[in-house]
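Source file: upload-v8.txt (compact mmCIF, C-alpha atoms and all ligand atoms)
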# COMPACT_ATOMS: atom_id res chain seq x y z
CA MET P 1 0.00 0.00 0.00
CA ILE P 2 1.42 3.42 -0.96
CA SER P 3 0.87 6.91 0.45
CA VAL P 4 -1.44 9.51 -1.08
CA THR P 5 1.63 11.57 -2.03
CA GLU P 6 3.24 8.64 -3.82
CA ALA P 7 0.00 7.77 -5.64
CA LYS P 8 -0.37 11.35 -6.87
CA LYS P 9 3.29 11.40 -7.91
CA ARG P 10 2.88 8.24 -9.98
CA ILE P 11 -0.11 9.76 -11.75
CA ALA P 12 1.74 13.05 -12.35
CA GLU P 13 4.64 11.18 -13.97
CA ALA P 14 2.60 8.74 -16.04
CA PHE P 15 0.39 10.74 -18.42
CA HIS P 16 0.96 13.39 -21.06
CA ALA P 17 -1.26 15.68 -23.14
CA LEU P 18 -3.53 14.38 -25.90
CA GLU P 19 -2.72 15.19 -29.53
CA PRO P 20 -3.89 18.78 -30.25
CA VAL P 21 -6.84 19.25 -32.59
CA THR P 22 -7.97 22.23 -34.63
CA MET P 23 -11.55 23.25 -34.01
CA HIS P 24 -13.95 26.08 -34.58
CA LEU P 25 -13.64 28.80 -31.96
CA ALA P 26 -17.22 28.18 -30.86
CA ASP P 27 -16.20 24.68 -29.69
CA ALA P 28 -12.91 25.68 -28.10
CA ALA P 29 -14.17 27.43 -24.95
CA GLY P 30 -12.67 25.95 -21.79
CA LYS P 31 -9.80 24.33 -23.66
CA VAL P 32 -6.10 25.17 -23.62
CA LEU P 33 -4.31 26.58 -26.67
CA ALA P 34 -1.70 24.31 -28.20
CA GLU P 35 -0.20 27.05 -30.43
CA ASP P 36 0.62 30.74 -30.44
CA LEU P 37 -2.05 32.75 -32.25
CA HIS P 38 -1.16 35.84 -34.29
CA ALA P 39 -3.48 38.66 -35.27
CA PRO P 40 -4.39 38.36 -38.96
CA PHE P 41 -5.38 42.03 -39.30
CA ASP P 42 -5.07 45.43 -37.68
CA ILE P 43 -8.05 45.78 -35.32
CA PRO P 44 -9.89 48.10 -35.45
CA ALA P 45 -9.35 47.73 -39.16
CA PHE P 46 -9.98 51.49 -39.63
CA ALA P 47 -10.07 54.56 -37.40
CA GLN P 48 -13.43 54.16 -35.71
CA SER P 49 -15.78 56.54 -33.95
CA ALA P 50 -16.41 55.77 -30.25
CA MET P 51 -19.47 58.05 -30.07
CA ASP P 52 -22.57 59.20 -31.89
CA GLY P 53 -21.65 62.75 -32.89
CA TYR P 54 -19.62 64.62 -35.49
CA ALA P 55 -16.20 63.92 -36.98
CA PHE P 56 -14.01 66.86 -37.90
CA ALA P 57 -10.36 67.83 -38.39
CA PHE P 58 -9.14 69.27 -35.12
CA GLN P 59 -7.06 71.91 -36.88
CA ASP P 60 -10.15 73.23 -38.72
CA TRP P 61 -11.85 74.15 -35.50
CA GLN P 62 -11.78 77.71 -34.27
CA PRO P 63 -13.77 78.37 -31.10
CA GLY P 64 -16.98 80.19 -31.82
CA LYS P 65 -16.83 79.49 -35.58
CA PRO P 66 -19.33 76.89 -36.87
CA LEU P 67 -18.20 74.08 -39.20
CA GLY P 68 -20.09 73.05 -42.29
CA ILE P 69 -21.69 69.55 -42.33
CA ALA P 70 -20.71 67.48 -45.35
CA GLY P 71 -22.73 64.31 -44.85
CA GLU P 72 -23.37 61.26 -42.71
CA VAL P 73 -21.40 58.10 -41.88
CA PRO P 74 -23.41 55.31 -40.22
CA ALA P 75 -21.77 52.19 -38.72
CA GLY P 76 -21.08 49.62 -41.41
CA SER P 77 -20.81 52.29 -44.07
CA GLY P 78 -18.47 51.06 -46.77
CA ILE P 79 -18.49 54.38 -48.60
CA ILE P 80 -15.13 56.13 -48.56
CA LYS P 81 -15.81 59.81 -48.07
CA LYS P 82 -13.87 62.38 -49.98
CA LYS P 83 -11.73 64.77 -47.92
CA MET P 84 -13.77 67.91 -47.22
CA PRO P 85 -11.52 70.49 -45.56
CA GLY P 86 -13.32 72.66 -43.04
CA LYS P 87 -16.33 70.32 -42.89
CA ALA P 88 -17.66 67.98 -40.27
CA PHE P 89 -19.50 64.67 -40.82
CA ARG P 90 -22.44 63.35 -38.86
CA ILE P 91 -21.09 60.05 -37.52
CA PHE P 92 -22.24 57.14 -35.34
CA THR P 93 -20.56 54.77 -32.88
CA GLY P 94 -18.47 52.17 -34.67
CA ALA P 95 -18.48 54.00 -38.03
CA PRO P 96 -15.27 54.72 -39.96
CA VAL P 97 -13.91 58.20 -39.27
CA PRO P 98 -13.68 59.82 -42.74
CA ALA P 99 -10.31 60.68 -44.29
CA GLY P 100 -9.20 64.18 -43.35
CA THR P 101 -10.97 64.12 -39.98
CA ASP P 102 -9.31 62.99 -36.76
CA THR P 103 -11.59 63.96 -33.87
CA VAL P 104 -15.18 63.15 -32.88
CA ILE P 105 -17.36 65.29 -30.65
CA MET P 106 -20.36 63.64 -29.00
CA GLN P 107 -23.67 65.03 -30.20
CA GLU P 108 -24.71 66.20 -26.72
CA LYS P 109 -21.87 68.74 -26.86
CA THR P 110 -22.89 70.34 -30.13
CA ASN P 111 -25.51 72.58 -31.57
CA ALA P 112 -26.35 71.57 -35.11
CA THR P 113 -28.62 72.86 -37.85
CA HIS P 114 -28.96 70.90 -41.09
CA ASP P 115 -25.69 72.31 -42.47
CA ALA P 116 -23.82 74.05 -39.62
CA LEU P 117 -22.26 72.70 -36.48
CA THR P 118 -21.27 74.63 -33.38
CA LEU P 119 -18.96 72.78 -30.99
CA GLN P 120 -19.75 73.35 -27.32
CA ASP P 121 -16.78 71.69 -25.68
CA GLU P 122 -13.70 73.86 -25.21
CA HIS P 123 -11.85 70.97 -23.59
CA ILE P 124 -12.06 68.65 -26.55
CA ARG P 125 -8.66 67.28 -27.57
CA HIS P 126 -7.16 66.24 -30.86
CA GLY P 127 -8.09 62.59 -31.53
CA ALA P 128 -10.90 62.51 -28.95
CA ASN P 129 -13.45 59.69 -29.32
CA VAL P 130 -11.53 58.03 -32.14
CA ARG P 131 -10.34 54.42 -31.79
CA PRO P 132 -7.16 54.39 -33.89
CA LYS P 133 -6.65 51.67 -36.52
CA GLY P 134 -4.73 48.76 -34.94
CA SER P 135 -5.14 50.12 -31.41
CA GLU P 136 -6.51 46.77 -30.11
CA ILE P 137 -3.90 44.73 -31.97
CA LYS P 138 -1.67 45.04 -35.02
CA ALA P 139 -1.50 42.48 -37.85
CA GLY P 140 1.14 39.87 -37.05
CA GLU P 141 1.30 40.63 -33.33
CA ILE P 142 0.95 37.69 -30.91
CA ALA P 143 -2.70 37.64 -29.89
CA MET P 144 -2.52 34.72 -27.47
CA LYS P 145 0.20 32.39 -26.33
CA LYS P 146 0.29 28.63 -26.30
CA SER P 147 -1.00 27.18 -22.99
CA HIS P 148 -3.57 29.96 -22.56
CA LEU P 149 -6.95 28.79 -21.24
CA LEU P 150 -9.74 29.87 -23.59
CA THR P 151 -12.04 31.68 -21.19
CA PRO P 152 -15.22 33.36 -22.47
CA ALA P 153 -13.32 36.66 -22.72
CA SER P 154 -10.53 34.94 -24.69
CA ILE P 155 -13.08 33.53 -27.14
CA GLY P 156 -14.69 36.96 -27.54
CA PHE P 157 -11.30 38.61 -28.07
CA LEU P 158 -10.20 36.08 -30.72
CA ALA P 159 -13.51 36.28 -32.59
CA GLY P 160 -13.25 40.09 -32.46
CA ILE P 161 -9.88 40.04 -34.17
CA GLY P 162 -11.15 37.73 -36.91
CA ILE P 163 -9.77 34.37 -35.76
CA GLU P 164 -12.14 31.52 -36.54
CA LYS P 165 -10.25 28.37 -35.53
CA ALA P 166 -7.84 27.36 -32.82
CA THR P 167 -5.62 24.36 -32.21
CA VAL P 168 -6.25 23.17 -28.68
CA TYR P 169 -5.71 20.20 -26.39
CA PRO P 170 -8.98 18.26 -26.54
CA ASN P 171 -10.82 16.85 -23.57
CA PRO P 172 -10.46 13.10 -23.17
CA GLU P 173 -13.31 10.89 -24.33
CA ILE P 174 -14.19 8.88 -21.26
CA SER P 175 -15.83 5.49 -20.72
CA LEU P 176 -17.39 4.59 -17.39
CA ILE P 177 -17.91 0.95 -16.43
CA VAL P 178 -19.98 0.40 -13.33
CA THR P 179 -19.67 -3.14 -12.01
CA GLY P 180 -21.90 -5.09 -9.66
CA ASN P 181 -24.62 -7.74 -9.87
CA GLU P 182 -26.57 -5.86 -7.21
CA LEU P 183 -27.13 -2.68 -9.20
CA GLN P 184 -30.60 -1.48 -10.18
CA ASP P 185 -31.58 1.63 -12.15
CA PRO P 186 -33.19 4.47 -10.21
CA GLY P 187 -36.90 4.54 -11.02
CA LYS P 188 -37.23 0.75 -11.05
CA PRO P 189 -38.38 -1.24 -7.99
CA LEU P 190 -35.59 -2.58 -5.76
CA GLN P 191 -35.56 -6.34 -5.28
CA TYR P 192 -34.19 -7.74 -2.06
CA GLY P 193 -30.37 -7.35 -2.08
CA GLN P 194 -30.30 -4.72 -4.81
CA VAL P 195 -28.97 -1.16 -4.52
CA TYR P 196 -29.66 1.78 -6.74
CA GLU P 197 -26.88 2.45 -9.21
CA SER P 198 -25.67 5.96 -8.40
CA ASN P 199 -21.97 6.00 -9.26
CA SER P 200 -22.43 6.57 -12.98
CA TYR P 201 -24.81 9.44 -12.20
CA ALA P 202 -22.32 11.18 -9.92
CA LEU P 203 -19.44 10.64 -12.35
CA VAL P 204 -21.33 11.81 -15.43
CA ALA P 205 -22.44 14.87 -13.47
CA VAL P 206 -18.97 15.77 -12.26
CA LEU P 207 -17.41 15.14 -15.68
CA GLN P 208 -19.98 17.40 -17.29
CA PHE P 209 -19.29 20.06 -14.69
CA PHE P 210 -15.64 19.94 -15.75
CA GLY P 211 -16.56 20.33 -19.42
CA ILE P 212 -16.13 16.72 -20.57
CA GLU P 213 -18.71 16.14 -23.28
CA SER P 214 -17.96 12.65 -24.56
CA ILE P 215 -18.91 10.06 -21.93
CA LYS P 216 -20.04 6.47 -22.51
CA VAL P 217 -21.55 4.45 -19.68
CA TYR P 218 -21.40 0.64 -19.49
CA ARG P 219 -22.79 -1.75 -16.91
CA ALA P 220 -20.90 -4.98 -16.16
CA LYS P 221 -21.90 -8.00 -14.13
CA ASP P 222 -19.32 -9.38 -11.72
CA ASP P 223 -17.81 -11.74 -14.25
CA LEU P 224 -14.18 -11.64 -15.37
CA ARG P 225 -14.77 -12.43 -19.06
CA THR P 226 -17.55 -9.86 -19.47
CA LEU P 227 -15.54 -7.24 -17.65
CA LYS P 228 -12.39 -7.93 -19.63
CA ASN P 229 -14.24 -7.65 -22.97
CA MET P 230 -15.97 -4.48 -21.87
CA LEU P 231 -12.74 -2.90 -20.66
CA GLN P 232 -11.03 -3.82 -23.93
CA GLN P 233 -13.82 -2.17 -25.91
CA ALA P 234 -13.71 0.90 -23.67
CA LEU P 235 -9.93 1.15 -24.11
CA ASP P 236 -10.31 0.87 -27.88
CA GLU P 237 -12.88 3.64 -28.15
CA SER P 238 -11.88 6.17 -25.51
CA ASP P 239 -8.95 8.06 -23.99
CA MET P 240 -9.66 7.14 -20.39
CA VAL P 241 -11.63 4.45 -18.54
CA LEU P 242 -13.15 4.75 -15.09
CA LEU P 243 -14.48 1.61 -13.44
CA THR P 244 -16.41 1.57 -10.20
CA GLY P 245 -16.65 -1.32 -7.75
CA GLY P 246 -15.00 -4.70 -7.94
CA VAL P 247 -11.56 -3.43 -7.02
CA SER P 248 -11.24 -4.79 -3.49
CA VAL P 249 -10.29 -8.29 -2.31
CA GLY P 250 -13.68 -10.05 -2.61
CA LYS P 251 -14.25 -13.22 -4.58
CA TYR P 252 -16.25 -11.20 -7.17
CA ASP P 253 -13.82 -8.29 -7.51
CA PHE P 254 -12.34 -8.60 -11.01
CA VAL P 255 -11.20 -5.12 -11.97
CA THR P 256 -7.45 -5.52 -11.46
CA GLU P 257 -7.49 -8.95 -13.14
CA ALA P 258 -9.45 -7.62 -16.11
CA ALA P 259 -7.03 -4.68 -16.40
CA ALA P 260 -4.02 -7.01 -16.38
CA ALA P 261 -5.71 -9.21 -19.01
CA CYS P 262 -6.12 -6.11 -21.21
CA LYS P 263 -2.40 -5.39 -20.79
CA VAL P 264 -2.99 -2.31 -18.68
CA GLU P 265 0.18 -1.56 -16.73
CA SER P 266 -0.54 -1.04 -13.04
CA LEU P 267 0.64 2.21 -11.46
CA PHE P 268 -0.65 1.25 -8.03
CA HIS P 269 -3.35 -0.68 -6.21
CA LYS P 270 -4.32 0.37 -2.68
CA VAL P 271 -3.55 3.71 -1.12
CA LYS P 272 -3.18 4.57 2.56
CA GLN P 273 -6.38 6.61 2.66
CA LYS P 274 -9.95 6.64 3.76
CA PRO P 275 -12.24 6.52 1.91
CA GLY P 276 -11.02 4.75 -1.21
CA LYS P 277 -8.29 2.48 0.16
CA PRO P 278 -8.56 -0.14 -2.66
CA LEU P 279 -8.08 2.49 -5.40
CA TYR P 280 -6.41 1.14 -8.55
CA SER P 281 -4.72 3.12 -11.31
CA GLY P 282 -3.13 1.85 -14.51
CA ILE P 283 -2.00 3.02 -17.93
CA LYS P 284 -2.20 1.67 -21.45
CA MET P 285 -0.72 3.81 -24.26
CA ASN P 286 -1.21 7.04 -22.30
CA LYS P 287 -4.82 6.02 -21.47
CA PRO P 288 -5.49 6.25 -17.76
CA VAL P 289 -7.54 3.46 -16.19
CA PHE P 290 -8.95 3.98 -12.71
CA GLY P 291 -10.61 1.31 -10.60
CA LEU P 292 -12.60 3.45 -8.18
CA PRO P 293 -13.67 1.63 -5.00
CA GLY P 294 -17.42 1.06 -5.35
CA ASN P 295 -18.78 2.85 -2.31
CA PRO P 296 -20.33 6.02 -3.73
CA SER P 297 -18.45 8.41 -1.46
CA SER P 298 -15.13 6.68 -2.26
CA VAL P 299 -15.84 6.98 -5.98
CA LEU P 300 -16.39 10.71 -5.86
CA THR P 301 -13.56 11.39 -3.40
CA CYS P 302 -11.10 9.46 -5.59
CA PHE P 303 -12.41 11.29 -8.63
CA TYR P 304 -11.69 14.68 -7.07
CA GLU P 305 -8.34 13.68 -5.61
CA TYR P 306 -6.85 11.59 -8.45
CA VAL P 307 -8.91 11.40 -11.63
CA LEU P 308 -8.96 15.20 -11.95
CA ASP P 309 -5.14 15.18 -11.87
CA ALA P 310 -5.07 12.69 -14.75
CA ILE P 311 -7.63 14.64 -16.81
CA SER P 312 -5.57 17.80 -16.23
CA LEU P 313 -2.51 16.08 -17.69
CA LEU P 314 -4.46 15.02 -20.80
CA ASN P 315 -6.15 18.34 -21.57
CA LYS P 316 -3.48 20.59 -19.97
CA ARG P 317 -6.06 22.33 -17.80
CA ASN P 318 -5.50 22.80 -14.13
CA LEU P 319 -8.66 21.19 -12.83
CA SER P 320 -7.31 19.95 -9.50
CA LEU P 321 -9.22 21.31 -6.51
CA PRO P 322 -7.94 24.60 -5.05
CA VAL P 323 -6.23 24.14 -1.68
CA VAL P 324 -6.83 26.45 1.32
CA ARG P 325 -5.63 26.25 4.93
CA THR P 326 -8.25 27.23 7.46
CA PRO P 327 -9.12 26.68 11.16
CA LEU P 328 -11.13 23.59 12.05
CA GLU P 329 -14.29 24.02 14.09
CA GLY P 330 -14.34 21.18 16.63
CA VAL P 331 -11.83 18.41 17.21
CA TYR P 332 -10.99 15.43 15.03
CA THR P 333 -9.14 12.31 16.14
CA LYS P 334 -8.12 9.22 14.19
CA THR P 335 -6.51 5.96 15.19
CA ASN P 336 -5.28 4.61 11.86
CA ALA P 337 -2.25 5.69 9.84
CA LEU P 338 -4.32 6.61 6.78
CA THR P 339 -4.90 9.96 5.11
CA HIS P 340 -8.53 10.92 5.70
CA PHE P 341 -10.59 12.93 3.25
CA LEU P 342 -13.55 14.27 5.16
CA LYS P 343 -16.66 15.99 3.94
CA GLY P 344 -16.64 19.57 5.25
CA TYR P 345 -18.38 22.90 4.98
CA TYR P 346 -16.19 25.99 4.60
CA ASP P 347 -17.82 29.35 5.36
CA GLY P 348 -14.89 31.46 4.21
CA SER P 349 -13.22 31.71 7.62
CA LYS P 350 -13.39 28.19 9.15
CA VAL P 351 -14.34 24.66 8.21
CA THR P 352 -16.90 22.43 9.92
CA LEU P 353 -16.74 18.67 9.77
CA LEU P 354 -20.02 17.23 8.49
CA ASP P 355 -21.63 14.06 9.80
CA ALA P 356 -22.27 10.89 7.72
CA GLN P 357 -18.61 10.40 6.79
CA GLU P 358 -18.98 6.67 6.04
CA SER P 359 -18.12 5.80 2.47
CA TYR P 360 -21.50 4.22 1.68
CA ARG P 361 -23.23 7.50 2.51
CA MET P 362 -23.66 10.49 0.20
CA ARG P 363 -26.01 12.57 2.29
CA SER P 364 -23.47 14.97 3.74
CA PHE P 365 -21.34 14.92 0.59
CA ALA P 366 -24.36 16.45 -1.12
CA THR P 367 -24.06 19.56 1.09
CA ALA P 368 -20.27 19.61 1.47
CA ASN P 369 -18.29 22.30 -0.31
CA CYS P 370 -14.84 20.96 0.53
CA LEU P 371 -12.85 17.89 1.51
CA ILE P 372 -10.73 18.21 4.64
CA LYS P 373 -7.44 16.38 4.23
CA VAL P 374 -5.98 14.95 7.43
CA ASP P 375 -2.54 13.47 6.77
CA GLU P 376 -1.50 9.90 7.46
CA GLU P 377 0.70 10.80 10.44
CA THR P 378 -1.74 13.22 12.14
CA GLU P 379 -3.56 11.66 15.11
CA ARG P 380 -5.54 14.63 16.33
CA CYS P 381 -6.65 17.99 14.97
CA GLU P 382 -7.35 20.47 17.76
CA GLU P 383 -10.16 23.00 17.79
CA GLY P 384 -9.01 26.01 15.76
CA SER P 385 -5.96 24.27 14.32
CA LEU P 386 -5.20 24.94 10.67
CA VAL P 387 -6.27 22.12 8.36
CA GLU P 388 -5.88 21.68 4.62
CA ILE P 389 -9.12 21.79 2.68
CA HIS P 390 -9.74 21.11 -1.00
CA LEU P 391 -12.53 23.27 -2.35
CA LEU P 392 -15.21 21.48 -4.33
CA THR P 393 -15.55 23.89 -7.21
CA CYS P 394 -18.49 21.77 -8.37
N1 LIG W 1 -12.00 -7.72 3.35
C1 LIG W 1 -12.01 -6.48 2.90
N2 LIG W 1 -13.15 -5.99 2.44
C2 LIG W 1 -13.20 -4.73 1.99
C3 LIG W 1 -12.04 -3.93 2.01
C4 LIG W 1 -10.85 -4.48 2.47
O1 LIG W 1 -9.79 -3.83 2.50
N3 LIG W 1 -10.88 -5.78 2.88
N4 LIG W 1 -12.14 -2.63 1.60
C5 LIG W 1 -13.42 -2.02 1.74
C6 LIG W 1 -13.42 -0.74 1.14
S1 LIG W 1 -12.56 0.46 1.91
C7 LIG W 1 -14.14 -0.45 0.03
S2 LIG W 1 -14.24 1.15 -0.55
C8 LIG W 1 -14.88 -1.45 -0.69
C9 LIG W 1 -14.53 -1.35 -2.17
O2 LIG W 1 -14.90 -2.49 -2.76
P1 LIG W 1 -15.13 -2.62 -4.31
O3 LIG W 1 -14.47 -1.60 -5.06
O4 LIG W 1 -14.81 -4.02 -4.61
O5 LIG W 1 -16.66 -2.31 -4.45
P2 LIG W 1 -17.91 -3.27 -4.36
O6 LIG W 1 -17.66 -4.31 -3.35
O7 LIG W 1 -18.27 -3.67 -5.72
O8 LIG W 1 -18.95 -2.23 -3.81
C10 LIG W 1 -18.79 -1.58 -2.59
C11 LIG W 1 -20.11 -0.97 -2.17
O9 LIG W 1 -20.50 0.01 -3.08
C12 LIG W 1 -21.77 -0.30 -3.65
N5 LIG W 1 -21.74 0.06 -5.07
C13 LIG W 1 -20.92 -0.46 -5.99
N6 LIG W 1 -21.18 0.09 -7.18
C14 LIG W 1 -22.17 0.96 -7.01
C15 LIG W 1 -22.87 1.84 -7.88
N7 LIG W 1 -22.58 1.91 -9.18
N8 LIG W 1 -23.84 2.63 -7.36
C16 LIG W 1 -24.13 2.55 -6.04
N9 LIG W 1 -23.50 1.74 -5.17
C17 LIG W 1 -22.54 0.96 -5.64
C18 LIG W 1 -21.89 -1.78 -3.51
O10 LIG W 1 -23.20 -2.21 -3.57
C19 LIG W 1 -21.24 -2.01 -2.16
O11 LIG W 1 -22.13 -1.68 -1.12
O12 LIG W 1 -14.54 -2.74 -0.23
C20 LIG W 1 -14.55 -2.87 1.18
N10 LIG W 1 -14.38 -4.23 1.51
O1 LIG W 2 -13.03 3.58 1.34
MO1 LIG W 2 -13.76 2.36 1.55
O2 LIG W 2 -13.78 3.52 0.51
O3 LIG W 2 -13.37 3.03 3.13
O4 LIG W 2 -15.36 2.22 2.08
Would you mind writing the structure in this file as structure tokens?
Ligand SMILES: Nc1nc2c(c(=O)[nH]1)N[C@H]1C(S)=C(S)[C@@H](COP(=O)(O)OP(=O)(O)OC[C@H]3O[C@@H](n4cnc5c(N)ncnc54)[C@H](O)[C@@H]3O)O[C@H]1N2
Ligand code: MOO
Amino acid sequence: MISVTEAKKRIAEAFHALEPVTMHLADAAGKVLAEDLHAPFDIPAFAQSAMDGYAFAFQDWQPGKPLGIAGEVPAGSGIIKKKMPGKAFRIFTGAPVPAGTDTVIMQEKTNATHDALTLQDEHIRHGANVRPKGSEIKAGEIAMKKSHLLTPASIGFLAGIGIEKATVYPNPEISLIVTGNELQDPGKPLQYGQVYESNSYALVAVLQFFGIESIKVYRAKDDLRTLKNMLQQALDESDMVLLTGGVSVGKYDFVTEAAAACKVESLFHKVKQKPGKPLYSGIKMNKPVFGLPGNPSSVLTCFYEYVLDAISLLNKRNLSLPVVRTPLEGVYTKTNALTHFLKGYYDGSKVTLLDAQESYRMRSFATANCLIKVDEETERCEEGSLVEIHLLTC
């Protein structure tokens, strides 16, 4: 049995990023850039008015002397206006500032008749209310660097400078295999000895929260041949496989055997932790395989603590839970030399240990917003002592 630190280290060293793919910008949100992007054009592509008002040449203006009005330039106007010295143009926000003019005055600060304009702003400066050509970015300039996370603002920025496609690290396609003869679908009546299948629901939900779109779910009976064939198929058609249940020492626990039969190389089996002690992790051609111990709370805890690390290595995102140190409300003691991950509630200044910590229970997990990590060697956490918590961002 290895420590939590060693298990995380083995994962960190085992996996590398998926092959980058080029996709439409609309599909690239939440992904990480695998290339530098350069601006294809000067943006704005022309000197642009920032206000509804009048464009004029600053040097033509003499206080108290009206300017003539030569015409109108609405946004989107493709008409190139002739230079009209001494004249102003009616102009609107976003419209091209006509050649020969360099300054825009907002309409509220003018007095205009149909052909004469009086400026009523002595403080107006040369170039006011004009967005110069290329002031956002110049053609050829680096717009975004490799490894940048495409946030909504990044997507808006790239679209705004005319970029349509991006080469990014894709999300892994993931197969889930839930094992167990006892499993029944929610909504159907429970026969004696059956339990409702909830692990696939929790895993699909958490994967979706983290932006993973391609998820296949399989159900396997506790039978080595079936499980082996299913795992082989899942390995063939996806980038990562998560199995739940069947990873402990029982007579019907076949996950590690099935993985070995599929030539998955084991990274570890069993970690000094609670919940999730029988956790298994393996690798086949950069495809992570996790055998998550079947108890629902162990499944989700191991997902947050280990599977997220592996996904982060494949898609180059940093999805691992944020870590905070905060005072503990109450006292916590433990007698075993295992790392404990405990369901907690963090109010921004302290963390409270929730009840129902047993790994078959999900009730308090459903209201928890963090996991409290109590290290292997710690025997007692005193009231008010600083503990490490991992924030459940979803
Ligand atoms: N002799 C020992 N027995 C057990 C040990 C051990 O070290 N020695 N470890 C215990 C721990 S810790 C855990 S965790 C479990 C893990 O066992 P498995 O991964 O083999 O899981 P199962 O036995 O298949 O299931 C455990 C539990 O979870 C329920 N389950 C399973 N799948 C689902 C699902 N999809 N949805 C809802 N509930 C599920 C299952 O019915 C069992 O109650 O082993 C301990 N035993
Ligand atoms: O972790 Mo088992 O996950 O303690 O029930």
Exercise. So which residues touch Leu117 (chain P) within 7 Å, counting all atoms listed in the file, skipping near sequence neighbours fewer than 5 positions away, as a VMD selection string?
Worked result: chain P and resid 66 to 69 110 to 112
Of P:Pro293, P:Gly64, P:Gly94, P:Gly180, the one sitting nearest Thr118 (chain P) when using all atoms listed in the file is P:Gly64
CA of Lys373 (chain P) to CA of Arg361 (chain P) measures 18.2 Å
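With distances restricted to all atoms listed in the file, P:Tyr218 is the closest residue to Glu197 (chain P) from P:Phe15, P:Phe58, P:Phe303, P:Tyr218.
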So that each row is one residue of chain P with an atom at most 7 Å from ligand LIG 2 (chain W), can you give its shortest atom pair and the distance in Å to one decimal, using all atoms listed in the file, rows by chain and rising number, as a tab-separated table?
residue	atom	partner	partner_atom	distance
P:Lys274	CA	W:LIG2	O1	5.0
P:Pro275	CA	W:LIG2	O1	3.1
P:Gly276	CA	W:LIG2	O1	3.5
P:Lys277	CA	W:LIG2	O1	5.0
P:Pro293	CA	W:LIG2	O2	5.8
P:Asn295	CA	W:LIG2	O4	5.6
P:Ser298	CA	W:LIG2	O2	4.4
P:Glu358	CA	W:LIG2	O4	7.0
P:Ser359	CA	W:LIG2	O4	4.5
P:Tyr360	CA	W:LIG2	O4	6.5
Inset, instruction - List all protein, DNA and RNA residues that have at least one atom no more than 10 Å from any atom of ligand LIG 1 (chain W), counting all atoms listed in the file, and write them as a ChimeraX atom specification. - result: /P:177-186,193-203,219-220,222,243-255,270,273-280,291-299,358-361
| To one decimal place, how far is CA of Phe210 (chain P) from CA of Lys343 (chain P) in Å? |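 Result for CA of Phe210 (chain P) versus CA of Lys343 (chain P): 20.1 Å, one decimal.
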Between CA of Pro322 (chain P) and CA of His148 (chain P), what is the distance in Å, rounded to a tenth?
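These atoms are spaced 18.8 Å apart.
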Who sits within 9 Å of region 327-329 of chain P, all atoms listed in the file, same chain under 2 positions skipped, as a CSV table (one decimal) with C-alpha atoms, in the frame of the given file:
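Produced file out33.csv, reproduced below:
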chain,number,residue,atom,x,y,z
P,325,ARG,CA,-5.6,26.2,4.9
P,331,VAL,CA,-11.8,18.4,17.2
P,332,TYR,CA,-11.0,15.4,15.0
P,349,SER,CA,-13.2,31.7,7.6
P,350,LYS,CA,-13.4,28.2,9.2
P,351,VAL,CA,-14.3,24.7,8.2
P,352,THR,CA,-16.9,22.4,9.9
P,353,LEU,CA,-16.7,18.7,9.8
P,381,CYS,CA,-6.6,18.0,15.0
P,382,GLU,CA,-7.4,20.5,17.8
P,383,GLU,CA,-10.2,23.0,17.8
P,384,GLY,CA,-9.0,26.0,15.8
P,385,SER,CA,-6.0,24.3,14.3
P,386,LEU,CA,-5.2,24.9,10.7
P,387,VAL,CA,-6.3,22.1,8.4
P,388,GLU,CA,-5.9,21.7,4.6
Residue among P:Leu300, P:Ala26, P:Phe89, P:Ala45 lying closest to Val206 (chain P), counting all atoms listed in the file: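 For Val206 (chain P), the nearest of the candidates is P:Leu300.
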Margin query: Which residue is closest to Pro63 (chain P)? Choose from P:Ala95, P:Ile124, P:Ala39, P:Thr103 and count all atoms listed in the file.
Written below: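 So, comparing all the options, the nearest one is P:Ile124.
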Lys82 (chain P) environment, 10 Å, all atoms listed in the file, sequence neighbours closer than 3 positions dropped, as a list of chain:residue names: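 Non-adjacent residues within range: P:Ala70, P:Ile79, P:Pro85, P:Pro98, P:Ala99, P:Gly100.
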Selection above as a file: C-alpha atoms, as a PDB file, keeping the file's coordinate frame:
ATOM      1  CA  ALA P  70     -20.710  67.480 -45.350  1.00  0.00           C
ATOM      2  CA  ILE P  79     -18.490  54.380 -48.600  1.00  0.00           C
ATOM      3  CA  PRO P  85     -11.520  70.490 -45.560  1.00  0.00           C
ATOM      4  CA  PRO P  98     -13.680  59.820 -42.740  1.00  0.00           C
ATOM      5  CA  ALA P  99     -10.310  60.680 -44.290  1.00  0.00           C
ATOM      6  CA  GLY P 100      -9.200  64.180 -43.350  1.00  0.00           C
TER       7      GLY P 100
END
| request: List the residues sitting within 8 Å of (-13.5, 54.3, -44.8) in the file's frame, using all atoms listed in the file, as an MDAnalysis selection string. | output: chainID P and resid 46 77:81 96:99
For Ile137 (chain P), please output as number ranges by chain all residues within 8 Å (counting all atoms listed in the file; exclusion window: fewer than 6 positions along the same chain). P: 39, 41-44, 143, 161
Name all residues at most 10 Å from Tyr345 (chain P) (count all atoms listed in the file; drop same-chain ones fewer than 3 positions away) and give them as a list in words.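 Final neighbour list, sorted by chain and number: Leu342, Gly348, Lys350, Val351, Thr352, Leu353, Leu354, Ser364, Phe365, Thr367, Ala368, Asn369, Cys370, Leu371, Ile372, Ile389, Leu391 and Leu392 of chain P.
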How big is the axis-aligned box, and where does its centre sit, when it encloses all atoms of region 160-179 of chain P listed in the file and has 5 Å added on every side, reported in Å to one decimal as JSON?
{"center_x": -12.8, "center_y": 18.5, "center_z": -24.5, "size_x": 24.4, "size_y": 53.2, "size_z": 34.9}
